[in-house]
Amino acid sequence: MGLSNKELPKLGFLYMDYVLRFFDHSNFKGWPNKIETVTYHWKNDKDRFIKEVKAKKIDVLIGNVPATAYETFREIARELPHVRFIPSLDTQFSNKSKENVTRFAWKYGLPIPKTYIYYNHKNADKFLKKCEYPKIIKKSYGPSNYGGYFVHKVDSYKEARELFDEKRYHPEYFQDFVPMEADIRVMLIGHKPVCAFWRRAPEGEWLTNTSQGGSMDYNDVPKSVLDLAVKVSKAAKAEYWACDVAYGKDGKVRILECATAFAAFPYIRDWIGEYLMWLLSDGRFRKPNMPMFNWEELGKISPDLLRTMRHITFGKFNVSYDGAYFGNKKKMYGKKEVYIHELDAKYKVFPVKRRYVEEWPSEKWNYQDKLALKPLRSLKKKSDIEVPTPTKDESAESVKNEIKITKEELGDFLTAIDGIGKKKVKKLVEHFGSVDDVIGVIHQNPTILEEVQGFSAKLIKKVEKAWKKLLK
Ligand SMILES: Nc1ncnc2c1ncn2[C@@H]1O[C@H](COP(=O)(O)OP(=O)(O)O)[C@@H](O)[C@H]1O
Ligand SMILES: [Mg+2]
């Protein structure tokens with residue numbers, strides 16, 4: 001088991017000018033081959049960037065894409081179908097904007113505060129006149145929109161109107177105000193929670209922002225919060241993930257934010273590196289052991305010290321080794337007391353597989369550019385300036401249903417090709433994860449089929465031809 005040096009995929013770090021780097025070589029300690037770096041220089045750098053990735057023969061490109069480059073990178077990813085992006089651009093959909101977080105949560109039925117997104121400001125105004133208050137208004141998109149600087153509480157229509165008139169946010173994005181105890185940040189690797197802490201608002205305040213005088217602690221993060229975070233990470237197919245969960249005074253949990261870009265101690269980034277090395281080496285490298293509730297223990301260490309600690313490892317629980325701390329320790333969890341190591345069996349580290357379907361194609365989901373405000377000079381009357389003219393109303397959101405191909409249909413299509421039988425169809429679905437993924441590969445870049453035993457270049461040509469014929 002495990003790939004030899006020659007078989008390992010070629011890794012590359014995706015860097016951006018002016019953007020802090022989440023990973024570097026030190027997070028991938030022990031990786032035997034050279035790790036390339038490719039830096040995006042912004043402004044018209046797309047083609048050069050693609051060429052560099054190709055020239056360096058990179059198989060896996062690792063790193064976060066900032067919101068402002070997100071759409072460009074969706075295009076770049078399309079032109080590099082052989083490259084696995086970690087995290088995938090679909091996983092990073094939520095990084096782009098609060099609107100995207102909301103749409104992601106809507107799709108998967110994940111709990112969030114009731115949210116309203118208006119591209120049509122007139123309709124928004126009608127709604128704001130009749131809705132209940134307080135409401136929370138947020139800027140959906142924009143560089144450095146973290147830390148509550150663009151989050152406002154309004155108590156009346158008048159306040160809402162004044163705020164939007166002043167800030168001119170577009171789209172107009174707002175939520176019901178949720179009274180909460182605190183919010184909780186959970187970080188996950190391979191869908192397993194690896195760190196979690198409470199952030200509480202200062203006395204009498206509603207914003208749970210530690211940079212503005214709030215407090216944080218690592219103790220007894222509730223089961224409901226961890227379970228929700230796992231569900232969200234799975235829905236996002238995230239190799240690594242952070243989720244801010246609001247813990248309501250009503251006891252309910254709701255997602256406030258989620259993303260692959262977040263602030264994390266270096267030892268967490270080391271764990272992500274180790275996890276990815278395990279994931280990409282077919283098990284040659286050890287899966288990191290990150291015991292549940294390790295954060296309650298590490299949280300006792302001063303943050304300044306924790307910031308300097310690297311490559312933290314824990315021994316695994318072993319029945320015959322009775323000195324193991326995490327083996328003996330019990331904890332109230334949900335409604336009963338459990339051994340912490342039992343929770344490790346429950347919260348597994350999953351291998352996140354590459355997907356070949358585009359879940360959030362920009363043609364459909366990039367409302368922001370589709371419904372952008374028209375440039376001011378194109379407006380005739382001065383009084384129009386405040387009134388945006390969306391090219392399309394948000395009510396027209398539900399784009400035509402995409403074609404859905406069933407397993408049977410895929411089987412029929414493939415087995416009609418000389419040299420493909422039922423066994424090979426089964427192999428394909430197993431290898432790529434689902435019928436949709438197989439279709440994605442056939443549609444976008446059939447040469448990837450070569451990964452599966454029995455698919456020669458010649459056979460792939462036949463598949464390609466048959467697919468084109470079918471689409472006619
Ligand atoms: N719907 C809401 N009801 C009550 N408080 C909220 C709501 N949304 C956000 N907050 C508070 O505002 C803070 C910042 O909001 P958030 O959506 O996380 O934006 P930011 O990108 O600025 O961090 C949250 O941590 C929370 O304390
Ligand atoms: Mg936040």
# chains A, B, ... in the order shown; residues from 1 in each chain; ligands from 1
>>> select_by_dssp(residues="range 185-292 of chain A", states="strand (DSSP E or B)", output="JSON, numbers by chain")
{"A": [185, 186, 187, 188, 189, 192, 193, 194, 195, 196, 197, 198, 199, 200, 215, 216, 217, 240, 241, 242, 243, 244, 245, 246, 247, 248, 253, 254, 255, 256, 257, 258, 259]}
>>> residues_around(residues="Leu80 in chain A", least_positions_apart="4", cutoff="10 Å", atoms="only C-alpha atoms", output="list in words")
Ile50, Lys51, Val53, Lys54, Ile58, Asp59, Glu75, Ile76, Arg84, Phe85 and Asn445 of chain A
>>> write_last_selection(atoms="N, CA and C atoms", output="PDB file, in the first residue's frame")
ATOM      1  N   ILE A  50      -2.028  29.626 -16.235  1.00  0.00           N
ATOM      2  CA  ILE A  50      -2.378  28.291 -16.748  1.00  0.00           C
ATOM      3  C   ILE A  50      -1.162  27.632 -17.396  1.00  0.00           C
ATOM      4  N   LYS A  51      -0.446  28.409 -18.180  1.00  0.00           N
ATOM      5  CA  LYS A  51       0.759  27.883 -18.842  1.00  0.00           C
ATOM      6  C   LYS A  51       1.780  27.386 -17.826  1.00  0.00           C
ATOM      7  N   VAL A  53       1.271  26.325 -14.758  1.00  0.00           N
ATOM      8  CA  VAL A  53       0.823  25.086 -14.110  1.00  0.00           C
ATOM      9  C   VAL A  53       1.066  23.897 -15.036  1.00  0.00           C
ATOM     10  N   LYS A  54       0.772  24.100 -16.314  1.00  0.00           N
ATOM     11  CA  LYS A  54       0.989  23.019 -17.288  1.00  0.00           C
ATOM     12  C   LYS A  54       2.478  22.711 -17.432  1.00  0.00           C
ATOM     13  N   ILE A  58       1.930  20.062 -12.878  1.00  0.00           N
ATOM     14  CA  ILE A  58       1.344  19.921 -11.546  1.00  0.00           C
ATOM     15  C   ILE A  58       0.052  19.110 -11.620  1.00  0.00           C
ATOM     16  N   ASP A  59      -0.097  18.160 -10.706  1.00  0.00           N
ATOM     17  CA  ASP A  59      -1.324  17.354 -10.638  1.00  0.00           C
ATOM     18  C   ASP A  59      -2.298  17.899  -9.610  1.00  0.00           C
ATOM     19  N   GLU A  75     -12.702  29.749 -14.002  1.00  0.00           N
ATOM     20  CA  GLU A  75     -12.324  29.618 -15.418  1.00  0.00           C
ATOM     21  C   GLU A  75     -11.001  28.877 -15.555  1.00  0.00           C
ATOM     22  N   ILE A  76     -10.074  29.225 -14.688  1.00  0.00           N
ATOM     23  CA  ILE A  76      -8.762  28.581 -14.750  1.00  0.00           C
ATOM     24  C   ILE A  76      -8.900  27.076 -14.516  1.00  0.00           C
ATOM     25  N   ARG A  84      -6.159  18.618  -9.944  1.00  0.00           N
ATOM     26  CA  ARG A  84      -7.082  18.638  -8.815  1.00  0.00           C
ATOM     27  C   ARG A  84      -6.785  19.879  -7.988  1.00  0.00           C
ATOM     28  N   PHE A  85      -7.777  20.711  -7.802  1.00  0.00           N
ATOM     29  CA  PHE A  85      -7.624  21.856  -6.909  1.00  0.00           C
ATOM     30  C   PHE A  85      -8.033  21.430  -5.508  1.00  0.00           C
ATOM     31  N   ASN A 445     -13.403  16.058 -19.890  1.00  0.00           N
ATOM     32  CA  ASN A 445     -12.089  15.621 -20.321  1.00  0.00           C
ATOM     33  C   ASN A 445     -11.961  14.110 -20.255  1.00  0.00           C
TER      34      ASN A 445
END
>>> residues_around(residues="range 61-71 of chain A", least_positions_apart="5", cutoff="9 Å", atoms="only C-alpha atoms", output="ChimeraX atom specification")
/A:10-16,19,21-23,37-38,42,53,76,83-87,89,92-93,95-97,141-143,260-261,362,366
>>> write_last_selection(atoms="C-alpha atoms", output="PDB file, in the first residue's frame")
ATOM      1  CA  LYS A  10       3.129  16.416  -8.373  1.00  0.00           C
ATOM      2  CA  LEU A  11       2.041  19.038  -5.851  1.00  0.00           C
ATOM      3  CA  GLY A  12       1.996  22.777  -6.266  1.00  0.00           C
ATOM      4  CA  PHE A  13       1.123  25.639  -3.966  1.00  0.00           C
ATOM      5  CA  LEU A  14      -1.271  28.214  -5.286  1.00  0.00           C
ATOM      6  CA  TYR A  15      -0.043  31.611  -4.161  1.00  0.00           C
ATOM      7  CA  MET A  16      -1.329  35.088  -4.872  1.00  0.00           C
ATOM      8  CA  VAL A  19      -2.340  37.544  -0.084  1.00  0.00           C
ATOM      9  CA  ARG A  21      -0.046  32.243   2.447  1.00  0.00           C
ATOM     10  CA  PHE A  22      -1.986  29.570   4.235  1.00  0.00           C
ATOM     11  CA  PHE A  23       0.494  26.764   3.459  1.00  0.00           C
ATOM     12  CA  THR A  37       4.785  27.037  -6.359  1.00  0.00           C
ATOM     13  CA  VAL A  38       2.710  29.042  -8.795  1.00  0.00           C
ATOM     14  CA  TRP A  42      -3.772  39.396 -10.734  1.00  0.00           C
ATOM     15  CA  VAL A  53       0.823  25.086 -14.110  1.00  0.00           C
ATOM     16  CA  ILE A  76      -8.762  28.581 -14.750  1.00  0.00           C
ATOM     17  CA  VAL A  83      -5.411  19.313 -12.114  1.00  0.00           C
ATOM     18  CA  ARG A  84      -7.082  18.638  -8.815  1.00  0.00           C
ATOM     19  CA  PHE A  85      -7.624  21.856  -6.909  1.00  0.00           C
ATOM     20  CA  ILE A  86      -7.529  21.459  -3.150  1.00  0.00           C
ATOM     21  CA  PRO A  87      -9.953  22.699  -1.974  1.00  0.00           C
ATOM     22  CA  LEU A  89     -13.544  25.599  -6.549  1.00  0.00           C
ATOM     23  CA  GLN A  92     -14.567  27.332  -2.128  1.00  0.00           C
ATOM     24  CA  PHE A  93     -17.927  28.619  -3.384  1.00  0.00           C
ATOM     25  CA  ASN A  95     -15.473  31.793   0.333  1.00  0.00           C
ATOM     26  CA  LYS A  96     -16.682  34.269  -2.241  1.00  0.00           C
ATOM     27  CA  SER A  97     -19.569  35.954  -0.490  1.00  0.00           C
ATOM     28  CA  TYR A 141     -19.053  40.564  -0.867  1.00  0.00           C
ATOM     29  CA  GLY A 142     -15.875  42.515  -0.660  1.00  0.00           C
ATOM     30  CA  PRO A 143     -12.270  42.155   0.285  1.00  0.00           C
ATOM     31  CA  THR A 260     -11.820  27.157   3.657  1.00  0.00           C
ATOM     32  CA  ALA A 261      -9.984  30.413   4.297  1.00  0.00           C
ATOM     33  CA  SER A 362     -20.689  30.495 -12.684  1.00  0.00           C
ATOM     34  CA  ASN A 366     -22.601  34.176 -10.326  1.00  0.00           C
TER      35      ASN A 366
END
>>> atom_distance(atom1="CA of Met309 in chain A", atom2="CA of Asn289 in chain A")
16.4 Å
>>> select_by_dssp(residues="range 257-389 of chain A", states="alpha helix (DSSP H)", output="MDAnalysis selection string")
chainID A and resid 266:280 294:298 303:306 325:328 340:346 362:365 367:370
>>> write_last_selection(atoms="C-alpha atoms", output="PDB file, in the first residue's frame")
ATOM      1  CA  PRO A 266       0.436  26.702  12.435  1.00  0.00           C
ATOM      2  CA  TYR A 267      -0.032  23.304  14.082  1.00  0.00           C
ATOM      3  CA  ILE A 268      -3.481  23.086  12.480  1.00  0.00           C
ATOM      4  CA  ARG A 269      -2.029  23.855   9.085  1.00  0.00           C
ATOM      5  CA  ASP A 270       0.547  21.122   9.772  1.00  0.00           C
ATOM      6  CA  TRP A 271      -2.300  18.698  10.412  1.00  0.00           C
ATOM      7  CA  ILE A 272      -3.944  19.700   7.151  1.00  0.00           C
ATOM      8  CA  GLY A 273      -0.622  19.102   5.377  1.00  0.00           C
ATOM      9  CA  GLU A 274      -0.293  15.677   6.987  1.00  0.00           C
ATOM     10  CA  TYR A 275      -3.875  14.851   6.111  1.00  0.00           C
ATOM     11  CA  LEU A 276      -3.328  15.813   2.477  1.00  0.00           C
ATOM     12  CA  MET A 277      -0.102  13.799   2.322  1.00  0.00           C
ATOM     13  CA  TRP A 278      -2.031  10.800   3.572  1.00  0.00           C
ATOM     14  CA  LEU A 279      -4.893  11.454   1.182  1.00  0.00           C
ATOM     15  CA  LEU A 280      -2.697  11.854  -1.887  1.00  0.00           C
ATOM     16  CA  ASN A 294      -7.695  17.959  21.993  1.00  0.00           C
ATOM     17  CA  TRP A 295      -8.551  21.657  21.804  1.00  0.00           C
ATOM     18  CA  GLU A 296      -9.678  21.707  25.409  1.00  0.00           C
ATOM     19  CA  GLU A 297      -6.176  20.625  26.384  1.00  0.00           C
ATOM     20  CA  LEU A 298      -4.199  22.659  23.851  1.00  0.00           C
ATOM     21  CA  PRO A 303      -1.785  31.424  22.572  1.00  0.00           C
ATOM     22  CA  ASP A 304       1.634  32.995  22.108  1.00  0.00           C
ATOM     23  CA  LEU A 305       3.274  29.660  22.780  1.00  0.00           C
ATOM     24  CA  LEU A 306       0.706  27.741  20.748  1.00  0.00           C
ATOM     25  CA  TYR A 325      -4.621  10.307  28.586  1.00  0.00           C
ATOM     26  CA  PHE A 326      -7.248  10.412  25.880  1.00  0.00           C
ATOM     27  CA  GLY A 327      -7.925   6.718  26.561  1.00  0.00           C
ATOM     28  CA  ASN A 328      -8.875   7.227  30.203  1.00  0.00           C
ATOM     29  CA  ILE A 340     -13.119  10.562  24.518  1.00  0.00           C
ATOM     30  CA  HIS A 341     -11.521   7.860  22.381  1.00  0.00           C
ATOM     31  CA  GLU A 342     -14.975   6.502  21.626  1.00  0.00           C
ATOM     32  CA  LEU A 343     -15.774   9.826  20.038  1.00  0.00           C
ATOM     33  CA  ASP A 344     -12.775   9.399  17.754  1.00  0.00           C
ATOM     34  CA  ALA A 345     -14.482   6.361  16.279  1.00  0.00           C
ATOM     35  CA  LYS A 346     -17.643   8.369  15.817  1.00  0.00           C
ATOM     36  CA  SER A 362     -20.689  30.495 -12.684  1.00  0.00           C
ATOM     37  CA  GLU A 363     -23.087  30.664 -15.611  1.00  0.00           C
ATOM     38  CA  LYS A 364     -25.808  29.855 -13.161  1.00  0.00           C
ATOM     39  CA  TRP A 365     -24.565  31.020  -9.762  1.00  0.00           C
ATOM     40  CA  TYR A 367     -25.550  36.488  -9.696  1.00  0.00           C
ATOM     41  CA  GLN A 368     -23.221  39.203  -8.619  1.00  0.00           C
ATOM     42  CA  ASP A 369     -21.882  39.791 -12.101  1.00  0.00           C
ATOM     43  CA  LYS A 370     -25.066  38.826 -13.877  1.00  0.00           C
TER      44      LYS A 370
END
>>> residues_around(residues="Ala160 in chain A", least_positions_apart="5", cutoff="9 Å", atoms="only C-alpha atoms", output="CSV table (one decimal) with C-alpha atoms, in the first residue's frame")
chain,number,residue,atom,x,y,z
A,128,LEU,CA,-38.2,46.6,4.5
A,135,LYS,CA,-32.7,43.0,11.2
A,137,ILE,CA,-27.7,44.0,7.4
A,153,LYS,CA,-28.1,46.0,13.4
A,154,VAL,CA,-31.1,48.1,12.4
A,155,ASP,CA,-34.2,48.5,14.6
A,165,ASP,CA,-28.6,54.7,1.2
>>> closest_residue(among="A:Ala182, A:Ala236, A:Leu207, A:Cys195", to="Gly251 in chain A", atoms="only C-alpha atoms")
A:Ala182
>>> atom_distance(atom1="CA of Val425 in chain A", atom2="CA of Arg355 in chain A")
17.3 Å
>>> atom_distance(atom1="CA of Asp437 in chain A", atom2="CA of Ser88 in chain A")
13.9 Å
>>> closest_residue(among="A:Ser434, A:Thr415, A:Gln175, A:Ser140", to="ligand 1", atoms="only C-alpha atoms and all ligand atoms")
A:Gln175
>>> closest_residue(among="A:Asp244, A:Leu110, A:Lys427, A:Ile442", to="ligand 2", atoms="only C-alpha atoms and all ligand atoms")
A:Asp244
>>> closest_residue(among="A:Glu205, A:Asp183, A:Glu172, A:Glu159", to="Tyr247 in chain A", atoms="only C-alpha atoms")
A:Asp183
